[in-house]
Protein chains: 4
Amino acid sequence: MTIAPEILERGRKVIDLSADFRFSDADVYEKVYQPHSAAYLLKETVYGLTEVYTSQIRSARLVGNPGCYPTSVLLPLVPLVKAGLLDLESIVADSKSGVSGAGRSPSLTVHFCEVSESFKAYKVAVHRHNPEMEAILSREAGQPVTISFVPHLVPMSRGMLTTLYARPSGPLTAAMVQDCLASFYRGRPFVRLRPAGAPPDTLYVRGTNFCDVGFVIDERNRRLILMAAIDNLGKGAAGQAIQNMNLMFGLDETIGLNQVPAAL
Amino acid sequence: MTIAPEILERGRKVIDLSADFRFSDADVYEKVYQPHSAAYLLKETVYGLTEVYTSQIRSARLVGNPGCYPTSVLLPLVPLVKAGLLDLESIVADSKSGVSGAGRSPSLTVHFCEVSESFKAYKVAVHRHNPEMEAILSREAGQPVTISFVPHLVPMSRGMLTTLYARPSGPLTAAMVQDCLASFYRGRPFVRLRPAGAPPDTLYVRGTNFCDVGFVIDERNRRLILMAAIDNLGKGAAGQAIQNMNLMFGLDETIGLNQVPAAL
Amino acid sequence: MTIAPEILERGRKVIDLSADFRFSDADVYEKVYQPHSAAYLLKETVYGLTEVYTSQIRSARLVGNPGCYPTSVLLPLVPLVKAGLLDLESIVADSKSGVSGAGRSPSLTVHFCEVSESFKAYKVAVHRHNPEMEAILSREAGQPVTISFVPHLVPMSRGMLTTLYARPSGPLTAAMVQDCLASFYRGRPFVRLRPAGAPPDTLYVRGTNFCDVGFVIDERNRRLILMAAIDNLGKGAAGQAIQNMNLMFGLDETIGLNQVPAAL
Amino acid sequence: MTIAPEILERGRKVIDLSADFRFSDADVYEKVYQPHSAAYLLKETVYGLTEVYTSQIRSARLVGNPGCYPTSVLLPLVPLVKAGLLDLESIVADSKSGVSGAGRSPSLTVHFCEVSESFKAYKVAVHRHNPEMEAILSREAGQPVTISFVPHLVPMSRGMLTTLYARPSGPLTAAMVQDCLASFYRGRPFVRLRPAGAPPDTLYVRGTNFCDVGFVIDERNRRLILMAAIDNLGKGAAGQAIQNMNLMFGLDETIGLNQVPAAL
């Protein structure tokens, strides 16, 4: 937010990987992060969840690129929430992230010997991406939505899987879920619906910009279970930023994203 | 079930690591597994969840030892369910298991290159341990309880973490949860309550018989989040069997379990 | 060798990933493997170590593509052996391979729980790639060369590092080694010489066709230590096959190899 | 060396895990480390390689406990060097260490994402444990011995494997090597000779004080190949210190070492 205003004044476009332009409401941002020094830009910023805000991104000057947790939570949920298929008070998001999500700075948390053979939750229900997810879900639902969000650390370098639990708002069949997701993502190359019985796997989106989505209807419990796998460094970060750049410059959204060489 | 009857007739005791004596109702067992050839023993079998059925185990001839998933799900839930603190229709169990839980038989599923950098769910809402958990929760609640259960595979050898989500049945404070769990497990060496802000971690129960339990109250969502970490080969299997043996033979329950050398 | 003759008769070219056409001497092949059913082709087969046999590969109909161990052993050694800089009786090759080198077939050897936290040698001094390396070194030296070769299994999916130890044949400086390697590989994009003090690392050739080579002169012991890192599935297998195909069809040798998407 | 003198003056014994009392020659120590402030103690210090200096350790006041690299290099070599079976100019030690050997301090080197899928050498032929190994080998050989030593980092938490290459000083059979090692370590519980064809594996000494030793005679190359596996935190550090303490206090050397609970 300290640099973007000047870039925009010069007539250039901005895709921001920080949280500074992910919120339209400065109050929410400031409660979670810090005072906002360019709040006047928030009324025009577009949330860079590519498949959801495609047309706005095409014409945007300023995009707040979402991170990995919101991307993996929102892509499966938004179509169903928009369609009114979910009980909005019932949503639980249990997310699991590879270690690169914690950044490159050395710390005991990312020491190989602390990570290997370790699985644990952290920032339970207090992660700062939680309000970001809720802001988007509320916007799409047209009413306030809160969700329980618990992130976990997985002993692997890259990859994120989110498992979502929600009650349907009424009778819900697998065909209805399938249709809702398939029609929302029709023609979009980076969201892939998994066939029944083959849940998404982080290994098979590694080094890509894909988000693989699967679901199961748990009839006995009257609950919909959704799963989404992304590479947290791809669709969960730089990959999605490139996809947004493609849209903002009138390019095919896949340019630069079909062959992603990946050392790690 | 093919061997146990003869052993019992000879006046010996049985601690069974299979599922054959985990159910008191043959119908439930047969729906999940196969015809039961010694169903007459089910009226006396004791479910070997040590801290929950301690007195019954002490006097049992026949114990059905629970596996890792039910142990990690039930130890945190049972005290709260017995105390009536939870909305019994609201329970979700999201479990994550190390690879040794899949057994020693070679298969593509446990191939190093398929596991490394892979995180995925499997048998979503149809795992055969699901009815076992529900049978015990129903017994303790005094009414039918079903839960949504999703197991996941973690790229590590040993360890299991279960994250549980449930709505309280009424106003619920952290002190109430703490008291309920602490009083239930008072004096029991192998269930350890984690301090607030320090969720359980599989690495710190590795090679032990401990079950570490932590919780967070998610006020905004009116939801209780519980976490339990065990070693799936310890408290989740052979460790608990030894603990049960200790009780059945009048020994201190910790004998043989405080120093567990572990190669893997 | 059962298929290649027919393909060649039809006027097509063959790049064989098996060992069948890696040897020019059928006796050596048969001692290590099995009776050779197309031995008449061995007088024309070219060993597909791309940077060493470039011109022969360009005009070859039949290429025997080397595997990972010989590639990582020979690329650093061949230039020095050809230049007569090494004591040919002194060579030791200590190789370390990721698990994908063992193939995709399930077995206890590749079970995640047997690999994780395990490091061990196997087929010590009896690996069947040993005679293959020696055949090539002997050809380039113009005299029989044998080397001690020990492969090891590393708990990682992809990557191979070989550490080579050899006595110089006479006074040898770092500049001489640097010059010998640099001039041999001048203009070749896939062999990269590492700067002094920065040994090759499998992580930084992962998912690529690169072979990174480094060396240290151990003055106190009058010994040259060479290190080479490759991706065993890239330069050590399919990558090098594609590089050879490029040469055989008059294409730039990098085509298809600069951006290698890699899930594992 | 700043604390030990005072402890000794008070009549207590010292087992030092630092390098300060591993050398009997202050000059060698000072060249590798720093000025020695208690050099007068070096004439009485005993090198704590338990099975080699057993009787001296029993009566020592001051023991310099060796670290992991020297332990894994010296235990297989010393008996053969003492017996005059090796060409002392021919020795190469290629060592591979788990990440815990790098200590607990956070750094990029031990970041999970830098370690995972990475295998590399470091401090090639300049590691400061090299002179320590050579001092002991020279003492046992009765003449100056130098060896080429290359340490490598393995993507695992615990464990070390060293592969040693040496020319025999004369005709050498497997039986001679077996006899030499077996008689040297007869009755010593923590050095285990592996049967032919079953090389040592770090996984099977994990969390223990064992050193597993195996060997192969590479006839074609007239070379002996030795392998030793230890847990770098066990026999390679604290385990051996406890073993030494047992000897210094007249206890059975296995006390406290047969059941080593190990979280990591």
# chains A, B, ... in the order shown; residues from 1 in each chain; ligands from 1
>>> interface_residues(of="chain D", to="chain B", cutoff="12 Å", atoms="only C-alpha atoms", output="MDAnalysis selection string")
chainID D and resid 113 116:117 156:159 201:210 231 256:264
>>> residues_around(residues="Asn221 (chain D)", least_positions_apart="2", cutoff="12 Å", atoms="only C-alpha atoms", output="ChimeraX atom specification")
/C:88-93,125-126,130,134,144-149 /D:165-168,216-219,223-225
>>> select_by_dssp(residues="region 149-246 of chain B", states="strand (DSSP E)", output="VMD selection string")
chain B and resid 149 to 153 160 to 166 191 to 193 211 to 218 223 to 230
>>> select_by_dssp(residues="region 135-254 of chain A", states="helix (DSSP H, G or I)", output="MDAnalysis selection string")
chainID A and resid 135:141 174:184 202:205 219:221 234:248
>>> closest_residue(among="C:Ala182, C:Leu75, C:Ala4, C:Leu233", to="Gly103 (chain C)", atoms="only C-alpha atoms")
C:Leu233
>>> residues_around(residues="Ala229 (chain D)", least_positions_apart="2", cutoff="6 Å", atoms="only C-alpha atoms", output="number ranges by chain")
D: 160-161, 200, 202, 211-212
>>> decode(residues="region 32-43 of chain A", atoms="N, CA and C atoms", output="PDB file, in the first residue's frame")
ATOM      1  N   VAL A  32      -7.386  -6.688  11.483  1.00  0.00           N
ATOM      2  CA  VAL A  32      -6.549  -7.884  11.350  1.00  0.00           C
ATOM      3  C   VAL A  32      -5.070  -7.517  11.193  1.00  0.00           C
ATOM      4  N   TYR A  33      -4.793  -6.438  10.449  1.00  0.00           N
ATOM      5  CA  TYR A  33      -3.401  -6.131  10.118  1.00  0.00           C
ATOM      6  C   TYR A  33      -2.889  -4.862  10.790  1.00  0.00           C
ATOM      7  N   GLN A  34      -3.131  -3.708  10.196  1.00  0.00           N
ATOM      8  CA  GLN A  34      -2.503  -2.458  10.634  1.00  0.00           C
ATOM      9  C   GLN A  34      -3.270  -1.300  10.021  1.00  0.00           C
ATOM     10  N   PRO A  35      -2.969  -0.076  10.399  1.00  0.00           N
ATOM     11  CA  PRO A  35      -3.625   1.061   9.750  1.00  0.00           C
ATOM     12  C   PRO A  35      -3.362   1.023   8.245  1.00  0.00           C
ATOM     13  N   HIS A  36      -4.378   1.378   7.464  1.00  0.00           N
ATOM     14  CA  HIS A  36      -4.235   1.309   6.006  1.00  0.00           C
ATOM     15  C   HIS A  36      -3.901   2.700   5.472  1.00  0.00           C
ATOM     16  N   SER A  37      -2.778   2.820   4.778  1.00  0.00           N
ATOM     17  CA  SER A  37      -2.322   4.135   4.322  1.00  0.00           C
ATOM     18  C   SER A  37      -2.852   4.502   2.934  1.00  0.00           C
ATOM     19  N   ALA A  38      -3.609   3.610   2.315  1.00  0.00           N
ATOM     20  CA  ALA A  38      -4.152   3.934   0.994  1.00  0.00           C
ATOM     21  C   ALA A  38      -5.587   3.419   0.893  1.00  0.00           C
ATOM     22  N   ALA A  39      -6.354   3.687   1.933  1.00  0.00           N
ATOM     23  CA  ALA A  39      -7.709   3.126   2.035  1.00  0.00           C
ATOM     24  C   ALA A  39      -8.602   3.613   0.896  1.00  0.00           C
ATOM     25  N   TYR A  40      -8.295   4.771   0.345  1.00  0.00           N
ATOM     26  CA  TYR A  40      -9.151   5.290  -0.738  1.00  0.00           C
ATOM     27  C   TYR A  40      -9.143   4.362  -1.962  1.00  0.00           C
ATOM     28  N   LEU A  41      -8.140   3.500  -2.062  1.00  0.00           N
ATOM     29  CA  LEU A  41      -8.065   2.575  -3.201  1.00  0.00           C
ATOM     30  C   LEU A  41      -8.955   1.338  -3.013  1.00  0.00           C
ATOM     31  N   LEU A  42      -9.421   1.119  -1.798  1.00  0.00           N
ATOM     32  CA  LEU A  42     -10.156  -0.117  -1.525  1.00  0.00           C
ATOM     33  C   LEU A  42     -11.495  -0.178  -2.258  1.00  0.00           C
ATOM     34  N   LYS A  43     -12.054   0.998  -2.599  1.00  0.00           N
ATOM     35  CA  LYS A  43     -13.354   0.926  -3.308  1.00  0.00           C
ATOM     36  C   LYS A  43     -13.190   0.442  -4.750  1.00  0.00           C
TER      37      LYS A  43
END
